[in-house]
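Novice: Please find one structure pasted underneath; my questions will follow.
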2 protein chains.
Amino acid sequence: MAITVVGSVAYDSIETPAGRRERCLGGAATYFSLAASYFCDVRVIAVVGEDFGPEQESVFKARNIDTQGIEHTAGKSFFWEGSYLENLNEAKTHNTELNVFAAFEPKIPDAYRDSEFLFLANIDPVLQRRVREQMPDVKLVAGDTMNYWINDHRPALLEVLKGLDMLLINDTEARVLGGDKNLVKAARAVMSLGPRFLVVKHGEYGATLFHGANAESGHSHTFRAPALPLEEVVDPTGAGDSFAGGFFGYLASQKQLTPGSLRRAMFYGSVMGSFACERFGTERLQEISRAQIDERFNLFRELTHLD
Amino acid sequence: MAITVVGSVAYDSIETPAGRRERCLGGAATYFSLAASYFCDVRVIAVVGEDFGPEQESVFKARNIDTQGIEHTAGKSFFWEGSYLENLNEAKTHNTELNVFAAFEPKIPDAYRDSEFLFLANIDPVLQRRVREQMPDVKLVAGDTMNYWINDHRPALLEVLKGLDMLLINDTEARVLGGDKNLVKAARAVMSLGPRFLVVKHGEYGATLFHGANAESGHSHTFRAPALPLEEVVDPTGAGDSFAGGFFGYLASQKQLTPGSLRRAMFYGSVMGSFACERFGTERLQEISRAQIDERFNLFRELTHLD
């Protein structure tokens with residue numbers, strides 16, 4: 001099975017208590033793709049500038065990620081600068097330059113059209129919707145967003161949500177989008193906007209999966225995956241996108257969406273998120289093995305299971 | 001098996017988004033005792049004033065809690081006033097009156113001396129130590145504390161920690177006591193001060209058990225229990241003490257301390273913490289049944305287990 005993902009491929013300058021990196025390869029679609037590539041075929045739709053060359057391309061190629069849909073254009077790639085000096089759970093953004101993304105018109109390569117899974121990473125909901133409309137036959141659509149779109153572009157976002165099966169966002173975003181401080185009530189409100197499944201990411205505390213049946217049957221359709229207590233969080237950038245890549249990548253590798261596959265997908269999401277934090281940028285995600293992933297999956301089981 | 005617990009028996013005035021209650025029965029030892037009473041015999045050491053009468057006493061008696069060690073004295077009982085209007089995870093304290101606790105000299109009734117388990121709830125570490133010294137033969141000692149003692153009474157607290165097998169505190173307290181923002185490193189630092197087992201409570205995100213072997217063998221001696229995503233948190237007062245009561249009460253009901261019993265104890269802690277939040281004060285803890293407790297235990301299993 002193959003996932004098509006649309007989102008940013010970018011450069012990040014990052015400062016954390018562990019150090020600083022200038023202009024390392026980043027972007028939601030990059031983290032997502034690398035994480036998902038350990039589970040299924042991945043195809044990327046994005047736009048990059050003249051600063052994106054063979055060296056960056058090879059990061060995708062080494063993981064067999066299809067980059068036909070990465071459009072090269074004049075100008076500079078998306079750039080983000082942020083730090084986590086006070087709080088590792090939340091980035092402080094110092095600078096965002098949309099650059100080539102400002103005029104992006106996503107086009108779907110023909111070779112991507114048989115993708116059964118579509119992931120709309122965190123970008124302008126107008127772009128998310130255009131991609132969604134060009135891929136009407138996908139089996140399962142998941143997406144991400146952020147407070148900026150929730151607060152300032154709500155009508156466009158609501159259109160996207162109607163077409164989503166799954167939404168993956170963090171606590172604050174869920175509370176703002178659902179309009180309730182209580183997470184269970186906020187989750188129900190978010191699901192009433194479209195997505196049947198909602199994954200709320202809690203940073204170092206893991207993530208919770210809610211799904212629609214929850215409203216009628218109490219807690220029995222809720223699942224909580226832990227995060228790994230890490231001794232050193234080098235760089236949390238991309239942890240949420242890596243969670244999404246592990247989660248959705250694992251689902252794409254499975255024949256059916258079942259309660260069991262969803263639960264395992266939550267664990268694989270946490271596993272990939274934990275790897276992402278261990279080095280700067282995408283360094284760690286480029287070099288792990290499937291065996292290491294499954295070893296960590298078992299660690300998560302041990303961390304949470306009674307027997 | 002019996003637990004002796006020393007701590008506050010008090011009156012609380014509480015305001016939450018769900019409403020306000022004036023002078024309801026509270027205090028760490030009260031919540032702890034009620035929660036633990038569903039698992040084992042419980043004996044309380046505390047001091048109360050003339051405002052504590054048969055009505056309050058009957059709350060303990062109804063759960064077969066031994067109150068011989070609750071000393072009645074002239075004056076008013078400990079009083080706390082707080083609110084959770086902005087943040088349900090953290091109380092804002094408006095007023096604390098030590099009252100009769102200011103001159104408390106804990107005495108251990110003879111009938112308590114064969115207790116095999118001792119819990120030192122959150123009070124002045126000088127009092128915790130005096131009780132500990134009067135019960136040298138207990139099999140397992142656990143305790144709680146708070147930032148006030150960690151910051152302003154550190155030498156006295158360090159003496160208490162040396163005599164503890166287990167410490168149960170929240171995230172902020174663990175980071176302050178351990179002197180590290182990273183929870184894993186902070187946990188290791190706290191355990192180097194005495195307790196072999198450290199339970200860090202994360203409020204609505206559950207709790208993590210660390211134990212000493214962790215330092216050498218990576219993550220394999222860490223266990224994470226979730227909290228129940230609750231649709232309505234009426235009053236979080238006493239949730240941490242109720243967690244401690246469920247956790248330590250369950251351990252006291254078991255023949256041996258094993259990896260399995262510790263894991264189940266973490267779940268029972270979360271179960272009792274979740275019940276405590278459902279009504280104001282101790283209302284919910286007074287009226288549950290063991291069957292309801294085990295039903296919720298199974299819900300926690302379902303919430304976290306893959307199969």
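Here's how to read the names in the structure tokens: chain A, B, ... by the order shown, residue numbers from 1 in each chain, ligand numbers from 1 in the order shown.
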Could the residues of chain B within 7 Å of chain A, counting only C-alpha atoms, be given as a JSON list (two decimals) with C-alpha atoms, in the first residue's frame, please?

Specialist:
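Saved to part.json:
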[["chain", "number", "residue", "atom", "x", "y", "z"],
["B", 182, "ASN", "CA", 14.49, 15.93, 32.43],
["B", 184, "VAL", "CA", 14.35, 10.44, 33.88],
["B", 185, "LYS", "CA", 17.42, 12.20, 35.23],
["B", 205, "TYR", "CA", -1.83, 12.05, 31.94],
["B", 222, "THR", "CA", 9.80, 1.88, 34.23],
["B", 223, "PHE", "CA", 6.04, 1.50, 34.13],
["B", 224, "ARG", "CA", 3.49, 4.03, 32.98],
["B", 225, "ALA", "CA", -0.16, 3.94, 34.04],
["B", 229, "PRO", "CA", -9.95, 10.62, 30.18],
["B", 230, "LEU", "CA", -12.84, 11.98, 32.27],
["B", 231, "GLU", "CA", -15.72, 13.83, 30.74],
["B", 260, "GLY", "CA", 3.34, -7.64, 38.57],
["B", 263, "ARG", "CA", 2.09, -2.66, 37.92],
["B", 264, "ARG", "CA", -1.35, -3.55, 39.18],
["B", 303, "LEU", "CA", -7.47, 1.75, 27.53],
["B", 304, "THR", "CA", -3.82, 0.73, 27.33],
["B", 305, "HIS", "CA", -3.39, -2.88, 26.25],
["B", 306, "LEU", "CA", -2.83, -3.93, 22.67],
["B", 307, "ASP", "CA", -4.80, -7.16, 22.79]]

Novice: Find the residues near region 281-294 of chain B: any atom within 10 Å, counting only C-alpha atoms, skip ones fewer than 5 places away on the same chain, and give them as JSON, numbers by chain.

Specialist: {"B": [11, 12, 13, 14, 21, 23, 24, 25, 26, 27, 30, 31, 32, 33, 34, 35, 37, 38, 39, 59, 60, 62, 63, 234, 235, 236, 237, 238, 239, 242, 246, 268, 271, 272, 273, 274, 275, 276, 299, 300]}

Novice: Where in region 18-72 of chain B does DSSP assign alpha helix (DSSP H), given as a list of chain:residue names?

Specialist: B:Ala28, B:Ala29, B:Thr30, B:Tyr31, B:Phe32, B:Ser33, B:Leu34, B:Ala35, B:Ala36, B:Pro54, B:Glu55, B:Gln56, B:Glu57, B:Ser58, B:Val59, B:Phe60, B:Lys61

Novice: Can you pull out every residue from region 19-268 of chain B that DSSP, working from the backbone, puts in strand (DSSP E), and format the result as a PyMOL selection string?

Specialist: chain B and resi 19-26+41-48+70-72+78-83+92-97+117-120+140-144+166-170+197-201+207-211+222-225

Novice: To one decimal place in Å, what is the distance between CA of Asn170 (chain B) and CA of Ile45 (chain B)?

Specialist: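 These atoms are spaced 23.7 Å apart.
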
Novice: Kindly give the distance, in Å, that separates CA of His94 (chain B) and CA of Ser8 (chain B), rounded to a single decimal.

Specialist: 17.7 Å

Novice: For Thr172 (chain A), please output as a list in words all residues within 12 Å (counting only C-alpha atoms; exclusion window: fewer than 6 positions along the same chain).

Specialist: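 These residues fall inside the cut-off: Asn89, Glu90, Thr145, Met146, Asn147, Tyr148, Ile150, Asn151, Gly178, Gly179, Asp180, Lys181, Asn182, Leu183, Ala186, Ala187, Val200, Lys201, His202 and Gly203 of chain A.
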
Novice: What is the distance, in Å and to one decimal place, between CA of Leu193 (chain A) and CA of Pro17 (chain B)?

Specialist: 25.8 Å

Novice: Near region 72-77 of chain B, within 7 Å and counting only C-alpha atoms, which residues show up once chain neighbours fewer than 3 positions away are dropped, as an MDAnalysis selection string?

Specialist: chainID B and resid 10:11 47:51 99:100

Novice: Just write the chosen residues, C-alpha atoms, as an mmCIF file, in the first residue's frame.

Specialist:
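Okay, this is what ended up in part.cif:
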data_model
loop_
_atom_site.group_PDB
_atom_site.id
_atom_site.type_symbol
_atom_site.label_atom_id
_atom_site.label_comp_id
_atom_site.auth_asym_id
_atom_site.auth_seq_id
_atom_site.Cartn_x
_atom_site.Cartn_y
_atom_site.Cartn_z
ATOM 1 C CA ALA B 10 -8.927 18.678 57.561
ATOM 2 C CA TYR B 11 -11.646 20.926 56.209
ATOM 3 C CA VAL B 47 -5.051 15.654 65.005
ATOM 4 C CA VAL B 48 -8.423 17.394 64.783
ATOM 5 C CA GLY B 49 -10.125 20.256 66.583
ATOM 6 C CA GLU B 50 -13.496 20.689 68.245
ATOM 7 C CA ASP B 51 -15.102 21.167 64.835
ATOM 8 C CA ASN B 99 -4.575 25.354 63.500
ATOM 9 C CA VAL B 100 -4.287 22.247 65.718
#

Novice: Ranking B:Glu173, B:Glu159, B:Glu133, B:Asp165 by minimum distance to Lys107 (chain B) and counting only C-alpha atoms, which one comes first?

Specialist: B:Glu133
